[in-house]
Structure formats: C-alpha cells, structure tokens
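**Student:** Input: one structure, supplied below.
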Amino acid sequence: MKTLIILLTLIVVLTEFSESQTARGEGKPGPLIQPIVDVDNSIPKGKLPEEDNFSRDAVAVVIGISHYKNEPTVPSVDYATRDANVMKRYLIEMFGYQEQRIIVAEDANASLADFKRIFEEQLVNFVHTKRSDVFVYYSGHGAPDVETKDAYFVPYDCNPNYAKSTGYRLKEFYERLARLDARSVTVVIDACFSGGSERGSIIKDVSPVGIEVENPVAALENGIVFTASKSQQLSNWYREKRHGLFTYFFLRGLRGDADSNKDKEITAEEMEGYLIAHVPEVARSRNREQIPEVAGNKKRVLVKF
C-alpha cells in the first residue's frame, strides 16, 4: 500500500511538471525528459577586449516576451523568454558582461512603461560615454502601424491594433541608442514586424501587411544590427531545438560555427554569411521563407577565442 502511494505521488508530480512546461510557452507538450540542446550547454569563453575596463563599462539589455496580457488575442511567442535567458548566459560566460549590468525584462515586466524606463532612462545611466559597449537583445512580437507602416516592438501590455499608442516605435529605439554615444552598439532582434506570427495575424481583421522596415543604423557611430527576417516574412521557431530559429543559429555561430576562415574570431560579416546559409534552409524545410538581415559595420569582430 505504501509503495502504491509513493508511485501515485510520483505520477502527480511528473504530470504537474509537464503541464508547467507547456504553460510557460514551450509549445506542445513534449516528453518529460527534454533532450539536451547543443547551444545551451558548455558555452565557450571568449577573450575579453584588451581594454581593462570592458567588464566594468559594458552594458546589455535582454528582453523576452513569451506571454502577453491580451492572450489569446495576442498569441504567445514560444521560446522567447527561453531565448532571452540563454542569451544572458552567453553575455556573462562568453563575453564577460557583469550580471548586474545586464537589464532583463520578461513577460509582465516588459510593459510599455518598462520599455520607456529602460531605453529612455535606465540604460542612459548605465552607459559611460565612448567607453561602454552596448548589447541589446529582443525576442517577442513586432507589429506595424497599419496607416504609417512604422514598425513597433510589442510590449507585454500592447494592443497591436493600436501600435502607435501602445507599442514602442523602432525608430525611437534606434534614435535613443544613437544618443548614448557608446563605443559600440550591437542589436539582435528575433522578431518580425509584418503583423504576423506562427499562430496567425496579431492585428485584428487585417492580414499581415508586410511593411518595409528600415534599420536606421547609419545614426549609430559603431553599430551593427542583426534582424531575424526581411520585413515581409515571419520569424519562425525551431521546435526541435526549443529556440527561435534565428536565435538558435546566432548562438551556434557565436560558438565558433560562423568562423569561416578559422582565425579564432568571428566578424559580423562572417555571422551574416553563416545565418544566411542556415536559417533560410531550415525555414524552407517548413514551407516558410525567412532570410536574416545584417546592417552596419560588418567588419566588427563580435567575439574572439
């Protein structure tokens, strides 16, 4: 009898664990023991820049939104918070960022008010003029204003039908980064701004409108911007790897796969070639089109080993 009670208790615990994994936006229920994902483990350590104050001056913003306030009207984004958590680990373990200098916002803590606080006040206070290297990562929804075709991040409490008043404008985001006068700026965005998602349109009664998003990186003195897809495409998930498709291959590239000339350093240009070689191929195998884009100083070295 005692053995039976123990077995029943174990079954209940395992069932609750499986349900909790699904509730966190991990897609359809999977096996209780999830497979090990290659990019999540044994993160290689990169060489810090020669400047002595890199760790003290570098600052990052990591935002991941899997669940939205207005679900299911605004569908969830599988793996967004997971992507953000793993990216944070790379910043610490590979790039040498201090954890206290990484600003993290996830789900309910990534509201429009949080976006304004982070990019209009908090980040400004963290940056040391001409000395700080700034890294910004975002995984979640993007949306267009259907009238102006301007692109917006979709914060946790955003209504994509009113992106102009409830979203955070992409142009404003880049302008704020330019004003920081940082030594370098790296932006990595795993989102599309077409108004669509793997679970359908996020804008009521409107088909994805496919806006032409311009990344005004010319305003960034030493900026590089990686985006997951062209403006009229979707940013897909890689369910087998439990990451966004673009983020998965970006992390693979950082680990050394993008080092095409094997010189122990990865430039933005090498990363671009690696992403374009792999992301569209996997997307096409799912009858989708997704071509990452890179803009800015492509000669910049992202990481050394």
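Here, A, B, ... name the chains of the structure tokens in the order displayed, residue numbers run from 1 inside each chain, and ligands are numbered from 1 in the same displayed order.
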Find the residues near Val188 of chain A: any atom within 9 Å, counting only C-alpha atoms, skip ones fewer than 3 places away on the same chain, and give them as a count of residues only.

**Tutor:** 11

**Student:** Give me the residues within 12 Å of segment 158-165 of chain A as a PyMOL selection string, counting only C-alpha atoms and dropping any in the same chain fewer than 6 places off.

**Tutor:** chain A and resi 65+67-75+107-108+110-115+140-152+171-172+193-196+201-208

**Student:** Emit the selected residues as a short mmCIF file (atom, residue, chain, number, x, y, z; two decimals), in the first residue's frame, including N, CA and C atoms.

**Tutor:**
```
data_model
loop_
_atom_site.label_atom_id
_atom_site.label_comp_id
_atom_site.auth_asym_id
_atom_site.auth_seq_id
_atom_site.Cartn_x
_atom_site.Cartn_y
_atom_site.Cartn_z
N ILE A 65 9.61 38.14 -24.43
CA ILE A 65 8.18 38.13 -24.09
C ILE A 65 7.53 36.92 -24.75
N HIS A 67 4.59 35.48 -23.20
CA HIS A 67 3.16 35.58 -22.93
C HIS A 67 2.75 37.04 -22.81
N TYR A 68 1.60 37.34 -23.40
CA TYR A 68 1.10 38.71 -23.46
C TYR A 68 -0.16 38.88 -22.62
N LYS A 69 -0.36 40.09 -22.17
CA LYS A 69 -1.50 40.41 -21.31
C LYS A 69 -2.82 40.07 -22.00
N ASN A 70 -2.88 40.29 -23.31
CA ASN A 70 -4.13 40.12 -24.04
C ASN A 70 -4.23 38.79 -24.77
N GLU A 71 -3.53 37.76 -24.27
CA GLU A 71 -3.69 36.43 -24.87
C GLU A 71 -5.14 35.97 -24.67
N PRO A 72 -5.70 35.23 -25.63
CA PRO A 72 -5.07 34.73 -26.87
C PRO A 72 -5.19 35.70 -28.04
N THR A 73 -5.77 36.90 -27.83
CA THR A 73 -5.85 37.87 -28.92
C THR A 73 -4.46 38.18 -29.46
N VAL A 74 -3.51 38.36 -28.55
CA VAL A 74 -2.10 38.48 -28.93
C VAL A 74 -1.46 37.14 -28.60
N PRO A 75 -1.20 36.31 -29.58
CA PRO A 75 -0.73 34.95 -29.32
C PRO A 75 0.65 34.92 -28.67
N ASP A 107 8.15 39.05 -20.04
CA ASP A 107 6.70 38.97 -19.90
C ASP A 107 6.11 40.20 -19.21
N ALA A 108 5.46 40.04 -18.06
CA ALA A 108 4.76 41.15 -17.41
C ALA A 108 5.69 42.27 -17.00
N ALA A 110 7.89 43.50 -18.96
CA ALA A 110 8.32 44.14 -20.21
C ALA A 110 7.14 44.90 -20.81
N SER A 111 6.49 45.72 -20.00
CA SER A 111 5.37 46.53 -20.45
C SER A 111 5.89 47.75 -21.21
N LEU A 112 4.98 48.53 -21.77
CA LEU A 112 5.40 49.76 -22.45
C LEU A 112 6.12 50.69 -21.49
N ALA A 113 5.64 50.77 -20.26
CA ALA A 113 6.31 51.60 -19.26
C ALA A 113 7.73 51.10 -19.00
N ASP A 114 7.92 49.78 -19.00
CA ASP A 114 9.25 49.22 -18.81
C ASP A 114 10.17 49.55 -19.98
N PHE A 115 9.65 49.48 -21.21
CA PHE A 115 10.45 49.85 -22.38
C PHE A 115 10.92 51.30 -22.26
N GLY A 140 10.33 38.50 -29.25
CA GLY A 140 8.91 38.70 -28.98
C GLY A 140 8.23 39.11 -30.28
N HIS A 141 7.06 39.73 -30.16
CA HIS A 141 6.34 40.19 -31.34
C HIS A 141 6.82 41.58 -31.76
N GLY A 142 6.71 41.83 -33.06
CA GLY A 142 6.79 43.17 -33.61
C GLY A 142 5.51 43.41 -34.39
N ALA A 143 5.18 44.67 -34.62
CA ALA A 143 3.95 44.98 -35.36
C ALA A 143 4.11 46.30 -36.10
N PRO A 144 3.36 46.45 -37.20
CA PRO A 144 3.36 47.73 -37.91
C PRO A 144 2.17 48.58 -37.51
N ASP A 145 2.31 49.88 -37.66
CA ASP A 145 1.14 50.74 -37.66
C ASP A 145 0.55 50.64 -39.07
N VAL A 146 -0.71 50.21 -39.18
CA VAL A 146 -1.26 49.89 -40.49
C VAL A 146 -1.41 51.11 -41.38
N GLU A 147 -1.39 52.31 -40.80
CA GLU A 147 -1.53 53.53 -41.60
C GLU A 147 -0.17 54.07 -42.03
N THR A 148 0.75 54.23 -41.08
CA THR A 148 2.04 54.83 -41.38
C THR A 148 3.07 53.82 -41.84
N LYS A 149 2.81 52.53 -41.56
CA LYS A 149 3.75 51.44 -41.85
C LYS A 149 5.01 51.51 -40.99
N ASP A 150 5.00 52.33 -39.94
CA ASP A 150 6.11 52.33 -39.00
C ASP A 150 6.13 51.03 -38.22
N ALA A 151 7.32 50.60 -37.81
CA ALA A 151 7.47 49.35 -37.07
C ALA A 151 7.54 49.62 -35.57
N TYR A 152 6.95 48.70 -34.80
CA TYR A 152 6.91 48.85 -33.34
C TYR A 152 7.24 47.52 -32.66
N LYS A 171 11.94 53.20 -34.66
CA LYS A 171 12.76 54.37 -34.98
C LYS A 171 13.18 55.10 -33.72
N GLU A 172 12.27 55.21 -32.77
CA GLU A 172 12.60 55.85 -31.49
C GLU A 172 13.67 55.05 -30.76
N PHE A 193 8.15 42.25 -38.14
CA PHE A 193 7.32 43.44 -37.98
C PHE A 193 6.22 43.50 -39.03
N SER A 194 5.85 42.32 -39.52
CA SER A 194 4.82 42.23 -40.56
C SER A 194 3.41 42.19 -39.99
N GLY A 195 3.30 41.96 -38.69
CA GLY A 195 1.98 41.79 -38.09
C GLY A 195 1.53 40.35 -38.05
N GLY A 196 2.40 39.44 -38.48
CA GLY A 196 2.06 38.03 -38.46
C GLY A 196 2.88 37.26 -37.44
N SER A 201 -2.17 36.19 -37.62
CA SER A 201 -2.01 37.63 -37.51
C SER A 201 -2.25 38.10 -36.07
N ILE A 202 -1.46 39.08 -35.64
CA ILE A 202 -1.66 39.65 -34.31
C ILE A 202 -2.47 40.93 -34.38
N ILE A 203 -2.88 41.31 -35.61
CA ILE A 203 -3.68 42.51 -35.80
C ILE A 203 -5.08 42.09 -36.24
N LYS A 204 -6.08 42.50 -35.53
CA LYS A 204 -7.45 42.05 -35.76
C LYS A 204 -7.96 42.47 -37.14
N ASP A 205 -8.53 41.49 -37.83
CA ASP A 205 -9.20 41.70 -39.12
C ASP A 205 -8.28 42.26 -40.20
N VAL A 206 -6.97 42.11 -40.02
CA VAL A 206 -6.03 42.59 -41.02
C VAL A 206 -5.02 41.49 -41.31
N SER A 207 -4.79 41.20 -42.59
CA SER A 207 -3.75 40.25 -42.94
C SER A 207 -2.40 40.90 -42.71
N PRO A 208 -1.35 40.10 -42.44
CA PRO A 208 -0.03 40.68 -42.27
C PRO A 208 0.29 41.62 -43.44
#
```

**Student:** Env of Asn125 of chain A: 12 Å cut, atoms = only C-alpha atoms, seq-sep filter 4 positions within chain, self excluded. Answer as a count of residues only.

**Tutor:** 13

**Student:** What residues in segment 80-235 of chain A get the DSSP label alpha helix (DSSP H)? Please answer as number ranges by chain.

**Tutor:** A: 80-93, 112-117, 123-126, 163-166, 170-179

**Student:** Between A:Arg239, A:Arg131, A:Arg255, A:Arg179, which residue has the minimum interatomic distance to Val303 of chain A, considering only C-alpha atoms?

**Tutor:**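 Result for the nearest residue to Val303 of chain A: A:Arg255.
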
**Student:** So how many Å separate atom CA of Lys116 of chain A and atom CA of Lys230 of chain A, to one decimal?

**Tutor:**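 For atom CA of Lys116 of chain A relative to atom CA of Lys230 of chain A, the distance reads 26.0 Å.
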
**Student:** Please return, as a ChimeraX atom specification, all residues of segment 80-245 of chain A that DSSP assigns to strand (DSSP E or B) on the basis of the backbone.

**Tutor:** /A:102-106,133-139,142-144,151-153,168-169,184-190,223-227,237-238,243-244

**Student:** Would you please work out which residue, of A:Thr81, A:Asn287, A:Ser42, A:Asn297, is nearest to Asn236 of chain A when using only C-alpha atoms?

**Tutor:**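 Comparing A:Thr81, A:Asn287, A:Ser42, A:Asn297 against Asn236 of chain A, the winner is A:Asn287.
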
**Student:** Do a neighbour search on segment 260-268 of chain A at 7 Å with only C-alpha atoms, toss out local chain neighbours closer than 3 positions, and write the hits as a ChimeraX atom specification.

**Tutor:** /A:271-272,298-305

**Student:** Write out the residues from the selection above, keeping N, CA and C atoms, as a PDB file, in the first residue's frame.

**Tutor:**
```
ATOM      1  N   MET A 271      29.247  36.182 -39.464  1.00  0.00           N
ATOM      2  CA  MET A 271      27.968  35.788 -38.864  1.00  0.00           C
ATOM      3  C   MET A 271      26.843  35.921 -39.879  1.00  0.00           C
ATOM      4  N   GLU A 272      26.863  36.982 -40.684  1.00  0.00           N
ATOM      5  CA  GLU A 272      25.845  37.161 -41.710  1.00  0.00           C
ATOM      6  C   GLU A 272      25.856  35.996 -42.691  1.00  0.00           C
ATOM      7  N   LYS A 298      30.057  45.689 -40.730  1.00  0.00           N
ATOM      8  CA  LYS A 298      30.181  44.240 -40.825  1.00  0.00           C
ATOM      9  C   LYS A 298      31.602  43.739 -40.587  1.00  0.00           C
ATOM     10  N   LYS A 299      32.560  44.629 -40.516  1.00  0.00           N
ATOM     11  CA  LYS A 299      33.938  44.218 -40.234  1.00  0.00           C
ATOM     12  C   LYS A 299      34.176  44.077 -38.728  1.00  0.00           C
ATOM     13  N   ARG A 300      33.222  44.504 -37.936  1.00  0.00           N
ATOM     14  CA  ARG A 300      33.397  44.458 -36.490  1.00  0.00           C
ATOM     15  C   ARG A 300      33.537  43.016 -36.015  1.00  0.00           C
ATOM     16  N   VAL A 301      34.493  42.787 -35.124  1.00  0.00           N
ATOM     17  CA  VAL A 301      34.674  41.470 -34.521  1.00  0.00           C
ATOM     18  C   VAL A 301      33.698  41.315 -33.365  1.00  0.00           C
ATOM     19  N   LEU A 302      32.875  40.265 -33.429  1.00  0.00           N
ATOM     20  CA  LEU A 302      31.886  40.021 -32.386  1.00  0.00           C
ATOM     21  C   LEU A 302      32.495  39.309 -31.191  1.00  0.00           C
ATOM     22  N   VAL A 303      33.346  38.323 -31.452  1.00  0.00           N
ATOM     23  CA  VAL A 303      33.945  37.560 -30.356  1.00  0.00           C
ATOM     24  C   VAL A 303      35.253  36.953 -30.831  1.00  0.00           C
ATOM     25  N   LYS A 304      36.208  36.811 -29.896  1.00  0.00           N
ATOM     26  CA  LYS A 304      37.482  36.136 -30.152  1.00  0.00           C
ATOM     27  C   LYS A 304      37.626  34.959 -29.208  1.00  0.00           C
ATOM     28  N   PHE A 305      38.381  33.949 -29.632  1.00  0.00           N
ATOM     29  CA  PHE A 305      38.588  32.772 -28.791  1.00  0.00           C
ATOM     30  C   PHE A 305      40.088  32.581 -28.530  1.00  0.00           C
TER      31      PHE A 305
END
```

**Student:** With only C-alpha atoms as the atoms that count, which of A:Val127, A:Leu254, A:Ala191, A:Val134 lies nearest to Met94 of chain A?

**Tutor:**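 Residue with the minimum atom-to-atom distance to Met94 of chain A: A:Leu254.
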
**Student:** Restrict the calculation to only C-alpha atoms, then for each residue of segment 66-93 of chain A with any atom at most 10 Å from an atom of segment 249-252 of chain A give the closest atom pair and their distance in Å to one decimal, rows by chain and rising residue number, as JSON lines.

**Tutor:**
```
{"residue": "A:Asp83", "atom": "CA", "partner": "A:Leu251", "partner_atom": "CA", "distance": 9.8}
{"residue": "A:Val86", "atom": "CA", "partner": "A:Leu251", "partner_atom": "CA", "distance": 9.0}
{"residue": "A:Met87", "atom": "CA", "partner": "A:Leu251", "partner_atom": "CA", "distance": 7.9}
{"residue": "A:Tyr90", "atom": "CA", "partner": "A:Leu251", "partner_atom": "CA", "distance": 8.3}
```

**Student:** Under the rule that only C-alpha atoms are counted, which of A:Lys130, A:Val104, A:Val279, A:Gly253 is the nearest residue to Pro44 of chain A?

**Tutor:**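 Looking at the shortest contact to Pro44 of chain A, the residue is A:Gly253.
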
**Student:** List as a ChimeraX atom specification the protein and nucleic acid residues near Arg286 of chain A, meaning an atom at most 12 Å away when only C-alpha atoms are counted, but skip any in the same chain fewer than 3 places from it.

**Tutor:** /A:198,236-239,245,279-283,289-290
